$ cat protein.cif   # mmCIF, C-alpha atoms, pLDDT in the B column; chains and numbers go by the auth columns
data_coords
loop_
_atom_site.group_PDB
_atom_site.id
_atom_site.type_symbol
_atom_site.label_atom_id
_atom_site.label_comp_id
_atom_site.label_asym_id
_atom_site.label_seq_id
_atom_site.Cartn_x
_atom_site.Cartn_y
_atom_site.Cartn_z
_atom_site.B_iso_or_equiv
_atom_site.auth_seq_id
_atom_site.auth_asym_id
ATOM 1 C CA MET A 1 -64.119 84.179 155.942 81.00 15 F
ATOM 2 C CA ASP A 2 -66.447 81.225 156.389 86.00 16 F
ATOM 3 C CA LYS A 3 -68.247 83.187 159.138 88.00 17 F
ATOM 4 C CA ARG A 4 -68.550 86.328 156.992 89.00 18 F
ATOM 5 C CA VAL A 5 -70.161 84.351 154.186 92.00 19 F
ATOM 6 C CA ARG A 6 -72.452 82.513 156.618 92.00 20 F
ATOM 7 C CA ASP A 7 -73.390 85.775 158.423 93.00 21 F
ATOM 8 C CA ALA A 8 -74.440 87.220 155.046 92.00 22 F
ATOM 9 C CA GLY A 9 -76.976 84.390 154.763 93.00 23 F
ATOM 10 C CA LEU A 10 -75.033 82.384 152.184 94.00 24 F
ATOM 11 C CA ARG A 11 -73.945 78.776 152.367 93.00 25 F
ATOM 12 C CA PRO A 12 -70.147 78.826 152.805 93.00 26 F
ATOM 13 C CA THR A 13 -69.164 76.562 149.931 93.00 27 F
ATOM 14 C CA ARG A 14 -65.473 76.029 149.300 93.00 28 F
ATOM 15 C CA GLN A 15 -65.578 78.207 146.179 94.00 29 F
ATOM 16 C CA ARG A 16 -67.567 81.041 147.820 94.00 30 F
ATOM 17 C CA VAL A 17 -65.192 81.146 150.784 95.00 31 F
ATOM 18 C CA ALA A 18 -62.139 81.113 148.496 96.00 32 F
ATOM 19 C CA LEU A 19 -63.564 83.949 146.367 96.00 33 F
ATOM 20 C CA ALA A 20 -64.495 85.943 149.477 96.00 34 F
ATOM 21 C CA GLU A 21 -60.942 85.562 150.788 96.00 35 F
ATOM 22 C CA LEU A 22 -59.551 86.888 147.504 96.00 36 F
ATOM 23 C CA LEU A 23 -62.066 89.754 147.451 95.00 37 F
ATOM 24 C CA PHE A 24 -61.744 91.005 151.002 94.00 38 F
ATOM 25 C CA ALA A 25 -58.159 90.169 151.990 91.00 39 F
ATOM 26 C CA LYS A 26 -56.738 93.283 150.293 88.00 40 F
ATOM 27 C CA GLY A 27 -59.048 95.919 151.805 90.00 41 F
ATOM 28 C CA ASP A 28 -61.428 98.093 149.831 91.00 42 F
ATOM 29 C CA ARG A 29 -61.096 97.689 146.094 93.00 43 F
ATOM 30 C CA HIS A 30 -62.941 97.601 142.786 94.00 44 F
ATOM 31 C CA LEU A 31 -62.720 94.709 140.378 93.00 45 F
ATOM 32 C CA SER A 32 -64.546 92.965 137.571 93.00 46 F
ATOM 33 C CA ALA A 33 -65.598 89.329 137.484 94.00 47 F
ATOM 34 C CA GLU A 34 -62.866 88.683 134.923 94.00 48 F
ATOM 35 C CA GLU A 35 -60.208 90.156 137.215 94.00 49 F
ATOM 36 C CA LEU A 36 -61.388 88.066 140.171 96.00 50 F
ATOM 37 C CA HIS A 37 -61.463 84.980 137.945 97.00 51 F
ATOM 38 C CA GLU A 38 -57.817 85.598 136.945 97.00 52 F
ATOM 39 C CA GLU A 39 -56.844 86.059 140.611 96.00 53 F
ATOM 40 C CA ALA A 40 -58.646 82.847 141.556 97.00 54 F
ATOM 41 C CA LEU A 41 -56.898 80.815 138.861 97.00 55 F
ATOM 42 C CA ALA A 42 -53.510 82.313 139.812 96.00 56 F
ATOM 43 C CA ALA A 43 -54.184 81.354 143.448 95.00 57 F
ATOM 44 C CA GLY A 44 -55.007 77.778 142.457 95.00 58 F
ATOM 45 C CA VAL A 45 -58.765 78.090 143.011 95.00 59 F
ATOM 46 C CA PRO A 46 -60.451 75.950 140.328 94.00 60 F
ATOM 47 C CA VAL A 47 -63.526 78.022 139.461 96.00 61 F
ATOM 48 C CA SER A 48 -65.359 78.900 136.252 96.00 62 F
ATOM 49 C CA LEU A 49 -66.075 82.463 135.182 97.00 63 F
ATOM 50 C CA ALA A 50 -69.805 81.701 135.476 96.00 64 F
ATOM 51 C CA THR A 51 -69.335 80.673 139.120 96.00 65 F
ATOM 52 C CA VAL A 52 -67.414 83.899 139.783 97.00 66 F
ATOM 53 C CA TYR A 53 -70.263 85.956 138.264 95.00 67 F
ATOM 54 C CA ASN A 54 -72.876 84.042 140.251 96.00 68 F
ATOM 55 C CA SER A 55 -70.917 84.423 143.490 96.00 69 F
ATOM 56 C CA LEU A 56 -70.356 88.162 142.953 97.00 70 F
ATOM 57 C CA HIS A 57 -74.076 88.708 142.370 95.00 71 F
ATOM 58 C CA GLN A 58 -74.928 86.607 145.441 96.00 72 F
ATOM 59 C CA PHE A 59 -72.440 88.641 147.509 96.00 73 F
ATOM 60 C CA THR A 60 -74.060 91.836 146.179 95.00 74 F
ATOM 61 C CA GLU A 61 -77.589 90.661 147.030 95.00 75 F
ATOM 62 C CA ALA A 62 -76.336 89.749 150.523 95.00 76 F
ATOM 63 C CA GLY A 63 -74.958 93.291 151.007 94.00 77 F
ATOM 64 C CA LEU A 64 -71.251 92.397 150.890 95.00 78 F
ATOM 65 C CA LEU A 65 -70.571 94.263 147.615 96.00 79 F
ATOM 66 C CA ARG A 66 -71.837 97.192 145.540 93.00 80 F
ATOM 67 C CA ILE A 67 -72.206 97.030 141.761 92.00 81 F
ATOM 68 C CA LEU A 68 -70.693 99.776 139.614 90.00 82 F
ATOM 69 C CA ALA A 69 -71.829 99.651 135.975 80.00 83 F
ATOM 70 C CA LEU A 70 -69.434 102.039 134.276 76.00 84 F
ATOM 71 C CA GLU A 71 -68.123 101.123 130.877 66.00 85 F
ATOM 72 C CA GLY A 72 -70.719 99.689 128.518 68.00 86 F
ATOM 73 C CA SER A 73 -71.240 96.078 129.441 65.00 87 F
ATOM 74 C CA ARG A 74 -68.373 96.043 131.962 77.00 88 F
ATOM 75 C CA THR A 75 -69.494 95.737 135.558 88.00 89 F
ATOM 76 C CA TYR A 76 -67.243 96.348 138.538 92.00 90 F
ATOM 77 C CA PHE A 77 -67.804 95.264 142.114 95.00 91 F
ATOM 78 C CA ASP A 78 -66.845 97.432 145.087 95.00 92 F
ATOM 79 C CA THR A 79 -65.967 95.891 148.448 95.00 93 F
ATOM 80 C CA ASN A 80 -66.717 99.232 150.140 93.00 94 F
ATOM 81 C CA THR A 81 -70.490 99.230 150.569 91.00 95 F
ATOM 82 C CA SER A 82 -70.705 102.627 152.280 88.00 96 F
ATOM 83 C CA ASP A 83 -72.200 105.619 150.440 86.00 97 F
ATOM 84 C CA HIS A 84 -69.338 107.140 148.459 88.00 98 F
ATOM 85 C CA HIS A 85 -68.477 108.348 144.974 89.00 99 F
ATOM 86 C CA HIS A 86 -65.878 107.357 142.384 91.00 100 F
ATOM 87 C CA PHE A 87 -63.330 108.604 139.885 92.00 101 F
ATOM 88 C CA PHE A 88 -63.069 106.572 136.674 91.00 102 F
ATOM 89 C CA ILE A 89 -60.075 106.982 134.366 90.00 103 F
ATOM 90 C CA GLU A 90 -61.309 106.506 130.804 85.00 104 F
ATOM 91 C CA GLY A 91 -59.166 104.323 128.594 84.00 105 F
ATOM 92 C CA GLU A 92 -57.485 102.719 131.595 86.00 106 F
ATOM 93 C CA ASN A 93 -60.634 101.331 133.231 81.00 107 F
ATOM 94 C CA ARG A 94 -59.264 102.327 136.651 88.00 108 F
ATOM 95 C CA ILE A 95 -61.665 103.197 139.439 91.00 109 F
ATOM 96 C CA PHE A 96 -60.892 104.763 142.774 91.00 110 F
ATOM 97 C CA ASP A 97 -62.896 106.336 145.560 91.00 111 F
ATOM 98 C CA VAL A 98 -63.417 110.065 145.932 90.00 112 F
ATOM 99 C CA GLU A 99 -61.867 110.700 149.337 87.00 113 F
ATOM 100 C CA GLY A 100 -63.605 112.600 152.096 78.00 114 F
ATOM 101 C CA ASP A 101 -67.109 113.961 152.233 74.00 115 F
ATOM 102 C CA ALA A 102 -66.587 117.317 150.515 72.00 116 F
ATOM 103 C CA MET A 103 -69.211 116.578 147.852 82.00 117 F
ATOM 104 C CA THR A 104 -72.837 117.461 148.301 83.00 118 F
ATOM 105 C CA VAL A 105 -75.664 116.465 146.030 85.00 119 F
ATOM 106 C CA THR A 106 -78.520 118.944 145.745 89.00 120 F
ATOM 107 C CA ASN A 107 -81.772 119.206 143.793 92.00 121 F
ATOM 108 C CA ILE A 108 -82.425 115.478 143.824 92.00 122 F
ATOM 109 C CA PRO A 109 -85.899 114.948 142.368 94.00 123 F
ATOM 110 C CA GLU A 110 -88.643 113.381 144.428 94.00 124 F
ATOM 111 C CA PRO A 111 -88.914 109.658 143.719 94.00 125 F
ATOM 112 C CA PRO A 112 -92.099 108.295 142.147 96.00 126 F
ATOM 113 C CA GLU A 113 -95.026 107.393 144.386 96.00 127 F
ATOM 114 C CA GLY A 114 -94.259 104.407 146.600 97.00 128 F
ATOM 115 C CA MET A 115 -90.494 104.565 145.987 97.00 129 F
ATOM 116 C CA GLU A 116 -87.561 105.812 148.061 95.00 130 F
ATOM 117 C CA ILE A 117 -84.025 106.742 147.102 91.00 131 F
ATOM 118 C CA ALA A 118 -81.659 103.958 148.135 86.00 132 F
ATOM 119 C CA ASN A 119 -78.394 105.507 147.008 83.00 133 F
ATOM 120 C CA VAL A 120 -76.921 108.217 144.780 85.00 134 F
ATOM 121 C CA ASP A 121 -73.854 107.151 142.804 84.00 135 F
ATOM 122 C CA ILE A 122 -71.659 109.798 141.226 87.00 136 F
ATOM 123 C CA VAL A 123 -68.898 108.757 138.858 88.00 137 F
ATOM 124 C CA ILE A 124 -66.447 111.464 137.840 90.00 138 F
ATOM 125 C CA ARG A 125 -64.828 110.458 134.550 90.00 139 F
ATOM 126 C CA LEU A 126 -61.213 111.488 134.081 93.00 140 F
ATOM 127 C CA ARG A 127 -58.832 111.545 131.103 91.00 141 F
ATOM 128 C CA PRO A 128 -55.336 112.954 130.557 90.00 142 F
ATOM 129 C CA ARG A 129 -55.225 116.628 129.640 90.00 143 F
ATOM 130 C CA GLN A 130 -54.930 117.252 125.900 86.00 144 F
#
$ encode --input "protein.cif" --output "structure tokens"
Amino acid sequence: MDKRVRDAGLRPTRQRVALAELLFAKGDRHLSAEELHEEALAAGVPVSLATVYNSLHQFTEAGLLRILALEGSRTYFDTNTSDHHHFFIEGENRIFDVEGDAMTVTNIPEPPEGMEIANVDIVIRLRPRQ
């Protein structure tokens, strides 16, 4: 994991490497800073919530993560950085990927002068049937 952090242009501090191991050891997943902080403490990694937030944002800027802002002030981080869409279960705060490439996005407006579209994120919100 040291190499992955270093290859992303970040200094592989003990805390960054430990957080990266927790993030990426379980495959593609979505989690909040608070969830990663709880995992770190449970794994015996002494780290503050502020350090977790800072590391997650540094990982995002380095291209290792994607940010998903879904529920008010709650931000989730996605270890799958490819272009893909998400289901979000309201009330449970569960996120999972829309599988396959069956979705198409049409009628995307032209970006303003001097800008280009970097990504299109679609979140399909789900709830139990009434």
$ closest_residue --input "protein.cif" --among "F:Thr93, F:Asn68, F:Ile81, F:Pro142" --to "Glu35 (chain F)" --atoms "all atoms listed in the file"
F:Thr93
$ resolve_selection --input "protein.cif" --expression "the PyMOL selection byres ((chain F and resi 53) around 12)" --output "ChimeraX atom specification"
/F:32-37,45-52,54-63,66
$ write_last_selection --input "protein.cif" --atoms "C-alpha atoms" --output "short mmCIF file (atom, residue, chain, number, x, y, z; two decimals), keeping the file's coordinate frame"
data_model
loop_
_atom_site.label_atom_id
_atom_site.label_comp_id
_atom_site.auth_asym_id
_atom_site.auth_seq_id
_atom_site.Cartn_x
_atom_site.Cartn_y
_atom_site.Cartn_z
CA ALA F 32 -62.14 81.11 148.50
CA LEU F 33 -63.56 83.95 146.37
CA ALA F 34 -64.50 85.94 149.48
CA GLU F 35 -60.94 85.56 150.79
CA LEU F 36 -59.55 86.89 147.50
CA LEU F 37 -62.07 89.75 147.45
CA LEU F 45 -62.72 94.71 140.38
CA SER F 46 -64.55 92.96 137.57
CA ALA F 47 -65.60 89.33 137.48
CA GLU F 48 -62.87 88.68 134.92
CA GLU F 49 -60.21 90.16 137.22
CA LEU F 50 -61.39 88.07 140.17
CA HIS F 51 -61.46 84.98 137.94
CA GLU F 52 -57.82 85.60 136.94
CA ALA F 54 -58.65 82.85 141.56
CA LEU F 55 -56.90 80.82 138.86
CA ALA F 56 -53.51 82.31 139.81
CA ALA F 57 -54.18 81.35 143.45
CA GLY F 58 -55.01 77.78 142.46
CA VAL F 59 -58.76 78.09 143.01
CA PRO F 60 -60.45 75.95 140.33
CA VAL F 61 -63.53 78.02 139.46
CA SER F 62 -65.36 78.90 136.25
CA LEU F 63 -66.08 82.46 135.18
CA VAL F 66 -67.41 83.90 139.78
#
$ closest_residue --input "protein.cif" --among "F:Gly77, F:His71, F:Ile138, F:Ala116" --to "Ile103 (chain F)" --atoms "all atoms listed in the file"
F:Ile138
$ closest_residue --input "protein.cif" --among "F:Phe101, F:Asp135, F:Met129, F:Met117" --to "Arg80 (chain F)" --atoms "all atoms listed in the file"
F:Asp135
$ residues_near_point --input "protein.cif" --point "(-79.3, 106.4, 145.5)" --cutoff "12 Å" --atoms "all atoms listed in the file" --output "PyMOL selection string"
chain F and resi 80+96-99+119+122-125+129-136
$ closest_residue --input "protein.cif" --among "F:Glu113, F:Arg143, F:Val137, F:Arg30" --to "Ser69 (chain F)" --atoms "only C-alpha atoms"
F:Arg30
$ residues_near_point --input "protein.cif" --point "(-58.0, 109.4, 130.9)" --cutoff "7 Å" --atoms "all atoms listed in the file" --output "list in words"
Ile103, Glu104, Gly105, Glu106, Leu140, Arg141 and Pro142 of chain F
$ atom_distance --input "protein.cif" --atom1 "CA of Arg88 (chain F)" --atom2 "CA of His100 (chain F)"
15.6 Å
$ closest_residue --input "protein.cif" --among "F:Asn107, F:Gln29, F:Thr120, F:Gly41" --to "Leu70 (chain F)" --atoms "all atoms listed in the file"
F:Gln29
$ closest_residue --input "protein.cif" --among "F:Met15, F:Leu82, F:Ala39, F:Leu24" --to "Ile109 (chain F)" --atoms "all atoms listed in the file"
F:Leu82
$ residues_around --input "protein.cif" --residues "Arg43 (chain F)" --least-positions-apart "4" --cutoff "8 Å" --atoms "all atoms listed in the file" --output "MDAnalysis selection string"
chainID F and resid 92:94 110
$ residues_around --input "protein.cif" --residues "Asp16 (chain F)" --least-positions-apart "3" --cutoff "8 Å" --atoms "all atoms listed in the file" --output "PyMOL selection string"
chain F and resi 19-20+26+31
$ write_last_selection --input "protein.cif" --atoms "C-alpha atoms" --output "PDB file, in the frame of the given file"
ATOM      1  CA  VAL F  19     -70.161  84.351 154.186  1.00 92.00           C
ATOM      2  CA  ARG F  20     -72.452  82.513 156.618  1.00 92.00           C
ATOM      3  CA  PRO F  26     -70.147  78.826 152.805  1.00 93.00           C
ATOM      4  CA  VAL F  31     -65.192  81.146 150.784  1.00 95.00           C
TER       5      VAL F  31
END
$ atom_distance --input "protein.cif" --atom1 "CA of Phe73 (chain F)" --atom2 "CA of Ala22 (chain F)"
7.9 Å
$ atom_distance --input "protein.cif" --atom1 "CA of Asp21 (chain F)" --atom2 "CA of Glu75 (chain F)"
13.1 Å
$ axis_aligned_box --input "protein.cif" --around "region 113-125 of chain F" --padding-each-side "4 Å" --output "lines of an AutoDock Vina configuration file"
center_x = -75.4
center_y = 114.4
center_z = 147.3
size_x = 35.0
size_y = 17.5
size_z = 17.9
$ decode --input "protein.cif" --residues "region 20-31 of chain F" --atoms "all heavy atoms" --output "PDB file, in the first residue's frame"
ATOM      1  N   ARG F  20       2.448   6.325  -2.585  1.00  0.00           N
ATOM      2  CA  ARG F  20       3.571   7.055  -3.184  1.00  0.00           C
ATOM      3  C   ARG F  20       3.313   7.316  -4.676  1.00  0.00           C
ATOM      4  O   ARG F  20       3.545   8.416  -5.166  1.00  0.00           O
ATOM      5  CB  ARG F  20       4.871   6.264  -3.001  1.00  0.00           C
ATOM      6  CG  ARG F  20       6.118   7.014  -3.403  1.00  0.00           C
ATOM      7  CD  ARG F  20       7.380   6.163  -3.240  1.00  0.00           C
ATOM      8  NE  ARG F  20       7.527   5.520  -1.945  1.00  0.00           N
ATOM      9  CZ  ARG F  20       7.975   6.120  -0.841  1.00  0.00           C
ATOM     10  NH1 ARG F  20       8.299   7.387  -0.885  1.00  0.00           N
ATOM     11  NH2 ARG F  20       8.094   5.447   0.279  1.00  0.00           N
ATOM     12  N   ASP F  21       2.789   6.301  -5.390  1.00  0.00           N
ATOM     13  CA  ASP F  21       2.507   6.458  -6.830  1.00  0.00           C
ATOM     14  C   ASP F  21       1.437   7.517  -7.089  1.00  0.00           C
ATOM     15  O   ASP F  21       1.379   8.093  -8.177  1.00  0.00           O
ATOM     16  CB  ASP F  21       2.077   5.131  -7.447  1.00  0.00           C
ATOM     17  CG  ASP F  21       3.230   4.150  -7.595  1.00  0.00           C
ATOM     18  OD1 ASP F  21       4.402   4.555  -7.398  1.00  0.00           O
ATOM     19  OD2 ASP F  21       2.964   2.968  -7.890  1.00  0.00           O
ATOM     20  N   ALA F  22       0.572   7.763  -6.107  1.00  0.00           N
ATOM     21  CA  ALA F  22      -0.454   8.798  -6.241  1.00  0.00           C
ATOM     22  C   ALA F  22       0.108  10.188  -5.956  1.00  0.00           C
ATOM     23  O   ALA F  22      -0.613  11.180  -6.019  1.00  0.00           O
ATOM     24  CB  ALA F  22      -1.618   8.501  -5.300  1.00  0.00           C
ATOM     25  N   GLY F  23       1.409  10.263  -5.640  1.00  0.00           N
ATOM     26  CA  GLY F  23       2.045  11.549  -5.401  1.00  0.00           C
ATOM     27  C   GLY F  23       1.946  12.024  -3.968  1.00  0.00           C
ATOM     28  O   GLY F  23       2.198  13.190  -3.678  1.00  0.00           O
ATOM     29  N   LEU F  24       1.590  11.119  -3.059  1.00  0.00           N
ATOM     30  CA  LEU F  24       1.459  11.472  -1.646  1.00  0.00           C
ATOM     31  C   LEU F  24       2.602  10.866  -0.845  1.00  0.00           C
ATOM     32  O   LEU F  24       3.092   9.785  -1.182  1.00  0.00           O
ATOM     33  CB  LEU F  24       0.128  10.969  -1.086  1.00  0.00           C
ATOM     34  CG  LEU F  24      -1.131  11.541  -1.738  1.00  0.00           C
ATOM     35  CD1 LEU F  24      -2.357  10.785  -1.247  1.00  0.00           C
ATOM     36  CD2 LEU F  24      -1.254  13.022  -1.436  1.00  0.00           C
ATOM     37  N   ARG F  25       2.979  11.549   0.214  1.00  0.00           N
ATOM     38  CA  ARG F  25       3.998  11.014   1.107  1.00  0.00           C
ATOM     39  C   ARG F  25       3.364   9.874   1.906  1.00  0.00           C
ATOM     40  O   ARG F  25       2.311  10.045   2.509  1.00  0.00           O
ATOM     41  CB  ARG F  25       4.507  12.119   2.040  1.00  0.00           C
ATOM     42  CG  ARG F  25       5.782  11.776   2.759  1.00  0.00           C
ATOM     43  CD  ARG F  25       6.424  13.010   3.377  1.00  0.00           C
ATOM     44  NE  ARG F  25       5.517  13.746   4.240  1.00  0.00           N
ATOM     45  CZ  ARG F  25       5.404  13.534   5.558  1.00  0.00           C
ATOM     46  NH1 ARG F  25       6.137  12.616   6.147  1.00  0.00           N
ATOM     47  NH2 ARG F  25       4.563  14.242   6.267  1.00  0.00           N
ATOM     48  N   PRO F  26       3.971   8.700   1.899  1.00  0.00           N
ATOM     49  CA  PRO F  26       3.367   7.541   2.575  1.00  0.00           C
ATOM     50  C   PRO F  26       3.601   7.547   4.089  1.00  0.00           C
ATOM     51  O   PRO F  26       4.379   6.757   4.614  1.00  0.00           O
ATOM     52  CB  PRO F  26       4.040   6.352   1.897  1.00  0.00           C
ATOM     53  CG  PRO F  26       5.381   6.869   1.488  1.00  0.00           C
ATOM     54  CD  PRO F  26       5.175   8.323   1.152  1.00  0.00           C
ATOM     55  N   THR F  27       2.894   8.449   4.774  1.00  0.00           N
ATOM     56  CA  THR F  27       3.006   8.472   6.229  1.00  0.00           C
ATOM     57  C   THR F  27       2.368   7.206   6.797  1.00  0.00           C
ATOM     58  O   THR F  27       1.574   6.533   6.129  1.00  0.00           O
ATOM     59  CB  THR F  27       2.295   9.701   6.827  1.00  0.00           C
ATOM     60  OG1 THR F  27       0.896   9.595   6.549  1.00  0.00           O
ATOM     61  CG2 THR F  27       2.854  11.003   6.262  1.00  0.00           C
ATOM     62  N   ARG F  28       2.696   6.904   8.023  1.00  0.00           N
ATOM     63  CA  ARG F  28       2.156   5.708   8.669  1.00  0.00           C
ATOM     64  C   ARG F  28       0.629   5.740   8.670  1.00  0.00           C
ATOM     65  O   ARG F  28      -0.028   4.751   8.363  1.00  0.00           O
ATOM     66  CB  ARG F  28       2.708   5.619  10.098  1.00  0.00           C
ATOM     67  CG  ARG F  28       2.281   4.389  10.866  1.00  0.00           C
ATOM     68  CD  ARG F  28       2.906   4.329  12.262  1.00  0.00           C
ATOM     69  NE  ARG F  28       2.944   5.574  13.001  1.00  0.00           N
ATOM     70  CZ  ARG F  28       1.898   6.095  13.663  1.00  0.00           C
ATOM     71  NH1 ARG F  28       0.756   5.477  13.674  1.00  0.00           N
ATOM     72  NH2 ARG F  28       2.032   7.227  14.317  1.00  0.00           N
ATOM     73  N   GLN F  29       0.058   6.896   9.008  1.00  0.00           N
ATOM     74  CA  GLN F  29      -1.403   6.999   9.064  1.00  0.00           C
ATOM     75  C   GLN F  29      -2.037   6.894   7.686  1.00  0.00           C
ATOM     76  O   GLN F  29      -3.053   6.219   7.526  1.00  0.00           O
ATOM     77  CB  GLN F  29      -1.814   8.305   9.753  1.00  0.00           C
ATOM     78  CG  GLN F  29      -1.515   8.290  11.244  1.00  0.00           C
ATOM     79  CD  GLN F  29      -1.879   9.578  11.928  1.00  0.00           C
ATOM     80  OE1 GLN F  29      -1.655  10.651  11.378  1.00  0.00           O
ATOM     81  NE2 GLN F  29      -2.428   9.479  13.129  1.00  0.00           N
ATOM     82  N   ARG F  30      -1.467   7.549   6.673  1.00  0.00           N
ATOM     83  CA  ARG F  30      -2.012   7.449   5.308  1.00  0.00           C
ATOM     84  C   ARG F  30      -1.989   6.014   4.812  1.00  0.00           C
ATOM     85  O   ARG F  30      -2.956   5.545   4.215  1.00  0.00           O
ATOM     86  CB  ARG F  30      -1.209   8.324   4.343  1.00  0.00           C
ATOM     87  CG  ARG F  30      -1.698   9.716   4.246  1.00  0.00           C
ATOM     88  CD  ARG F  30      -1.073  10.420   3.043  1.00  0.00           C
ATOM     89  NE  ARG F  30      -1.153  11.842   3.279  1.00  0.00           N
ATOM     90  CZ  ARG F  30      -0.124  12.667   3.253  1.00  0.00           C
ATOM     91  NH1 ARG F  30       1.081  12.237   2.957  1.00  0.00           N
ATOM     92  NH2 ARG F  30      -0.298  13.950   3.501  1.00  0.00           N
ATOM     93  N   VAL F  31      -0.880   5.328   5.034  1.00  0.00           N
ATOM     94  CA  VAL F  31      -0.763   3.938   4.569  1.00  0.00           C
ATOM     95  C   VAL F  31      -1.769   3.051   5.305  1.00  0.00           C
ATOM     96  O   VAL F  31      -2.443   2.221   4.685  1.00  0.00           O
ATOM     97  CB  VAL F  31       0.682   3.420   4.741  1.00  0.00           C
ATOM     98  CG1 VAL F  31       0.766   1.926   4.488  1.00  0.00           C
ATOM     99  CG2 VAL F  31       1.629   4.180   3.805  1.00  0.00           C
TER     100      VAL F  31
END
